[in-house]
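Undergrad: Input: one structure, supplied below.
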Amino acid sequence: MLKRLICMMVVVSFVIGLAAVASADRLEEIKERGTLICGVKDAVVPFGFVDEKTNQIVGFDVDMCDYIAKDIGVKPELKPVTSATRIPMVSQGSIDLAIATMTHKFERDDVIDFSITYFMDGQKILVAKDGDVKSVADLAGKKVGTAKGSTSEKNIKDAQPDCTVISFEGYPQAFLALKQGKVAAVTTDSTILLGLKNSDENPDNWVIAGDFISAEPYGIGLPENESNFRDEVNLALNKMWKSGDYEKIYNKWFGKDSKYYLPLDWKMELWP
Ligand code: GLU
C-alpha cells in the first residue's frame with residue numbers, strides 16, 4: 001500500500017514538473033538563461049557589421065539588441081543571420097529574436113511574429129555614376145543584384161518586370177558583382193545602399209538613383225505565440241522612444257553628422 005502511494009506521488013510530481021516546463025514561456029527562459037540571443041546581420045553597414053578594429057559586430061540593430069537585453073535584465077548575445085536564414089532561425093528557436101533589417105509583412109507572419117515598427121526606410125537602386133542606368137525604368141533587359149530572401153527581390157520585379165534579378169548570399173556580394181559589371185544595379189533599402197556606397201574606396205563613383213519603389217518598415221522578428229516576450233519587446237521599444245534613447249541611437253548611426261544620413265520623419269506607435 002505504502003509502495004503504491006509513493007509510486008503515485010512520484011507520478012503526480014512528475015506531471016506537475018512537466019506542466020511547469022511547458023508553461024515556462026520564452027521570456028522566463030531568457031531570464032533564467034541570463035542572455036538574450038539576438039540574430040543580427042554581420043555584413044550590413046550600418047545595421048550589423050564587423051568593426052575592423054575590435055573584431056566585434058556593431059551597428060544600429062546591435063544597439064537595439066543591447067537596449068532590449070538591458071531592459072529585460074540580461075546580457076546580449078549575438079548570432080549572425082542572413083536575409084534567408086533569419087526567419088527559420090527564429091522559428092526553430094536558435095535565436096530569441098531577429099533584429100536584422102527585416103521588413104514586417106503579413107506574408108512573413110506565418111511562422112514568426114513581429115514587434116511594432118522600429119525603423120523606417122524604402123527601396124532604391126545603387127548604380128555606377130557614369131553608367132547608363134539612372135532609374136528603375138532603365139533596368140529593362142538588365143540584370144539587378146540583391147540578397148536572397150529579401151523583400152527587394154520581389155519589389156524590383158514588380159517595379160520593373162523586364163529586369164532579371166540575381167540573388168546573392170548578401171549585399172556585399174551583390175555590390176561586388178556591380179563593380180565587376182556582372183549586374184547593372186544593386187537594389188535594396190536605401191540606407192543599406194548608402195552603407196555599401198560609403199564602404200567603397202571611392203564612394204563618389206556610385207549613386208543611389210531614382211525614387212523609392214516600396215516602403216520598408218522594419219520589425220523585430222519574434223517567436224510565434226510568445227505574447228509575454230512580444231509585450232516586453234514592444235514595451236522596451238516604447239520606453240526607448242519616450243526616454244529619447246531611441247533618438248540618440250538613431251542619430252549615432254543615421255543623424256546629420258553620420259555617414260548614413262536618413263531624416264527621422266516617422267513616429268513610433270506609442271501606447272498610452
Ligand atoms: N528590409 C528588406 C527585407 O526585409 C531588405 C533588407 C534585407 O534583406 O534584410 O527583406
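Residues in the C-alpha cells are numbered from 1 in each chain, the chains being A, B, ... in the order shown, and ligands are numbered from 1 in the order shown.
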Please provide the set of residues having any atom within 10 Å of Gly48 of chain A, restricted to only C-alpha atoms, with same-chain residues fewer than 5 positions apart removed, written as a list of chain:residue names.
TA: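 Skipping anything fewer than 5 positions along the chain leaves A:Gly39, A:Val40, A:Lys41, A:Asp42, A:Ala43, A:Gln56, A:Ile57, A:Val58, A:Gly59, A:Phe60, A:Asp61, A:Val62, A:Asp63, A:Pro80, A:Val81, A:Ile99, A:Ala100, A:Thr101.
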Undergrad: Ligand 1: which residues are within 6 Å, counting only C-alpha atoms and all ligand atoms? Reply as a PyMOL selection string.
TA: chain A and resi 83+101-103+147+150-152+188-189+216
Undergrad: Could those residues be written to a file, using all heavy atoms, as a PDB file, in the first residue's frame?
TA:
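Dumped to again25.pdb:
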```
ATOM      1  N   SER A  83      19.518  37.370 -44.767  1.00  0.00           N
ATOM      2  CA  SER A  83      18.110  37.625 -45.099  1.00  0.00           C
ATOM      3  C   SER A  83      17.352  36.301 -45.229  1.00  0.00           C
ATOM      4  O   SER A  83      16.176  36.218 -44.878  1.00  0.00           O
ATOM      5  CB  SER A  83      18.014  38.424 -46.395  1.00  0.00           C
ATOM      6  OG  SER A  83      18.632  39.681 -46.226  1.00  0.00           O
ATOM      7  N   THR A 101      17.389  44.110 -40.097  1.00  0.00           N
ATOM      8  CA  THR A 101      16.920  44.878 -41.263  1.00  0.00           C
ATOM      9  C   THR A 101      15.692  44.236 -41.925  1.00  0.00           C
ATOM     10  O   THR A 101      15.531  44.283 -43.133  1.00  0.00           O
ATOM     11  CB  THR A 101      18.035  45.077 -42.339  1.00  0.00           C
ATOM     12  OG1 THR A 101      18.372  43.802 -42.927  1.00  0.00           O
ATOM     13  CG2 THR A 101      19.278  45.718 -41.777  1.00  0.00           C
ATOM     14  N   MET A 102      14.814  43.697 -41.073  1.00  0.00           N
ATOM     15  CA  MET A 102      13.708  42.906 -41.636  1.00  0.00           C
ATOM     16  C   MET A 102      12.393  43.678 -41.688  1.00  0.00           C
ATOM     17  O   MET A 102      11.884  44.134 -40.674  1.00  0.00           O
ATOM     18  CB  MET A 102      13.526  41.616 -40.828  1.00  0.00           C
ATOM     19  CG  MET A 102      12.384  40.758 -41.365  1.00  0.00           C
ATOM     20  SD  MET A 102      12.549  39.017 -40.987  1.00  0.00           S
ATOM     21  CE  MET A 102      12.611  39.010 -39.216  1.00  0.00           C
ATOM     22  N   THR A 103      11.866  43.790 -42.884  1.00  0.00           N
ATOM     23  CA  THR A 103      10.564  44.424 -43.071  1.00  0.00           C
ATOM     24  C   THR A 103       9.478  43.498 -42.536  1.00  0.00           C
ATOM     25  O   THR A 103       9.503  42.301 -42.800  1.00  0.00           O
ATOM     26  CB  THR A 103      10.331  44.662 -44.581  1.00  0.00           C
ATOM     27  OG1 THR A 103      11.418  45.456 -45.066  1.00  0.00           O
ATOM     28  CG2 THR A 103       9.016  45.351 -44.840  1.00  0.00           C
ATOM     29  N   ALA A 147      19.805  40.510 -52.337  1.00  0.00           N
ATOM     30  CA  ALA A 147      20.081  39.382 -51.433  1.00  0.00           C
ATOM     31  C   ALA A 147      18.931  38.381 -51.440  1.00  0.00           C
ATOM     32  O   ALA A 147      17.750  38.765 -51.473  1.00  0.00           O
ATOM     33  CB  ALA A 147      20.317  39.897 -50.013  1.00  0.00           C
ATOM     34  N   SER A 150      15.212  38.431 -49.446  1.00  0.00           N
ATOM     35  CA  SER A 150      14.829  39.814 -49.120  1.00  0.00           C
ATOM     36  C   SER A 150      13.512  40.178 -49.800  1.00  0.00           C
ATOM     37  O   SER A 150      13.105  39.533 -50.773  1.00  0.00           O
ATOM     38  CB  SER A 150      15.914  40.777 -49.601  1.00  0.00           C
ATOM     39  OG  SER A 150      15.998  40.746 -51.012  1.00  0.00           O
ATOM     40  N   THR A 151      12.884  41.245 -49.298  1.00  0.00           N
ATOM     41  CA  THR A 151      11.694  41.766 -49.975  1.00  0.00           C
ATOM     42  C   THR A 151      12.120  42.430 -51.294  1.00  0.00           C
ATOM     43  O   THR A 151      11.315  42.552 -52.216  1.00  0.00           O
ATOM     44  CB  THR A 151      10.998  42.840 -49.108  1.00  0.00           C
ATOM     45  OG1 THR A 151      11.975  43.794 -48.684  1.00  0.00           O
ATOM     46  CG2 THR A 151      10.315  42.245 -47.900  1.00  0.00           C
ATOM     47  N   SER A 152      13.384  42.840 -51.341  1.00  0.00           N
ATOM     48  CA  SER A 152      13.901  43.565 -52.506  1.00  0.00           C
ATOM     49  C   SER A 152      13.780  42.746 -53.800  1.00  0.00           C
ATOM     50  O   SER A 152      13.551  43.309 -54.876  1.00  0.00           O
ATOM     51  CB  SER A 152      15.370  43.929 -52.280  1.00  0.00           C
ATOM     52  OG  SER A 152      15.611  44.286 -50.952  1.00  0.00           O
ATOM     53  N   THR A 188      18.059  47.441 -52.870  1.00  0.00           N
ATOM     54  CA  THR A 188      17.530  47.112 -51.542  1.00  0.00           C
ATOM     55  C   THR A 188      17.177  48.427 -50.841  1.00  0.00           C
ATOM     56  O   THR A 188      17.078  49.479 -51.502  1.00  0.00           O
ATOM     57  CB  THR A 188      18.491  46.233 -50.709  1.00  0.00           C
ATOM     58  OG1 THR A 188      17.801  45.836 -49.523  1.00  0.00           O
ATOM     59  CG2 THR A 188      19.768  46.968 -50.314  1.00  0.00           C
ATOM     60  N   ASP A 189      17.037  48.382 -49.509  1.00  0.00           N
ATOM     61  CA  ASP A 189      16.648  49.573 -48.758  1.00  0.00           C
ATOM     62  C   ASP A 189      17.736  50.651 -48.868  1.00  0.00           C
ATOM     63  O   ASP A 189      18.935  50.341 -48.876  1.00  0.00           O
ATOM     64  CB  ASP A 189      16.407  49.209 -47.293  1.00  0.00           C
ATOM     65  CG  ASP A 189      15.424  48.061 -47.176  1.00  0.00           C
ATOM     66  OD1 ASP A 189      14.620  47.872 -48.112  1.00  0.00           O
ATOM     67  OD2 ASP A 189      15.462  47.336 -46.174  1.00  0.00           O
ATOM     68  N   GLU A 216       9.534  50.196 -46.528  1.00  0.00           N
ATOM     69  CA  GLU A 216      10.132  49.071 -45.797  1.00  0.00           C
ATOM     70  C   GLU A 216      10.186  49.371 -44.290  1.00  0.00           C
ATOM     71  O   GLU A 216      11.225  49.784 -43.769  1.00  0.00           O
ATOM     72  CB  GLU A 216      11.540  48.775 -46.323  1.00  0.00           C
ATOM     73  CG  GLU A 216      11.631  48.484 -47.816  1.00  0.00           C
ATOM     74  CD  GLU A 216      10.966  47.171 -48.225  1.00  0.00           C
ATOM     75  OE1 GLU A 216      11.001  46.200 -47.454  1.00  0.00           O
ATOM     76  OE2 GLU A 216      10.404  47.131 -49.334  1.00  0.00           O
TER      77      GLU A 216
END
```
Undergrad: From a DSSP calculation on the backbone, collect every residue of segment 125-258 of chain A in strand (DSSP E or B) and output the set as an MDAnalysis selection string.
TA: chainID A and resid 125:128 143:147 164:168 185:189 206:209 215:223
Undergrad: Need the shell around Val165 of chain A: protein/DNA/RNA residues with any atom at most 9 Å away, counting only C-alpha atoms. Skip same-chain ones fewer than 5 positions apart. Format as a list in words?
TA: Lys142, Lys143, Val144, Gly145, Thr146, Glu153, Lys154, Ile156 and Lys157 of chain A
Undergrad: Compare A:Val183, A:Ala84, A:Leu262, A:Leu270 by their minimum atom-to-atom distance to Met120 of chain A, counting only C-alpha atoms, and give me the closest one.
TA: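 Looking at the shortest contact to Met120 of chain A, the residue is A:Leu262.
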Undergrad: Identify which of the residues A:Phe47, A:Phe114, A:Tyr67, A:Phe119 lies closest to Asp245 of chain A, counting only C-alpha atoms when measuring atom-to-atom distances.
TA: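 Once distances to Asp245 of chain A are computed over only C-alpha atoms, the minimum belongs to A:Tyr67.
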Undergrad: Going by DSSP on the backbone, which bits of segment 4-251 of chain A are alpha helix (DSSP H)? Write them as an NGL selection string, please.
TA: :A and (4-23 or 26-33 or 60-72 or 86-92 or 151-159 or 171-179 or 190-199 or 227-243 or 245-251)
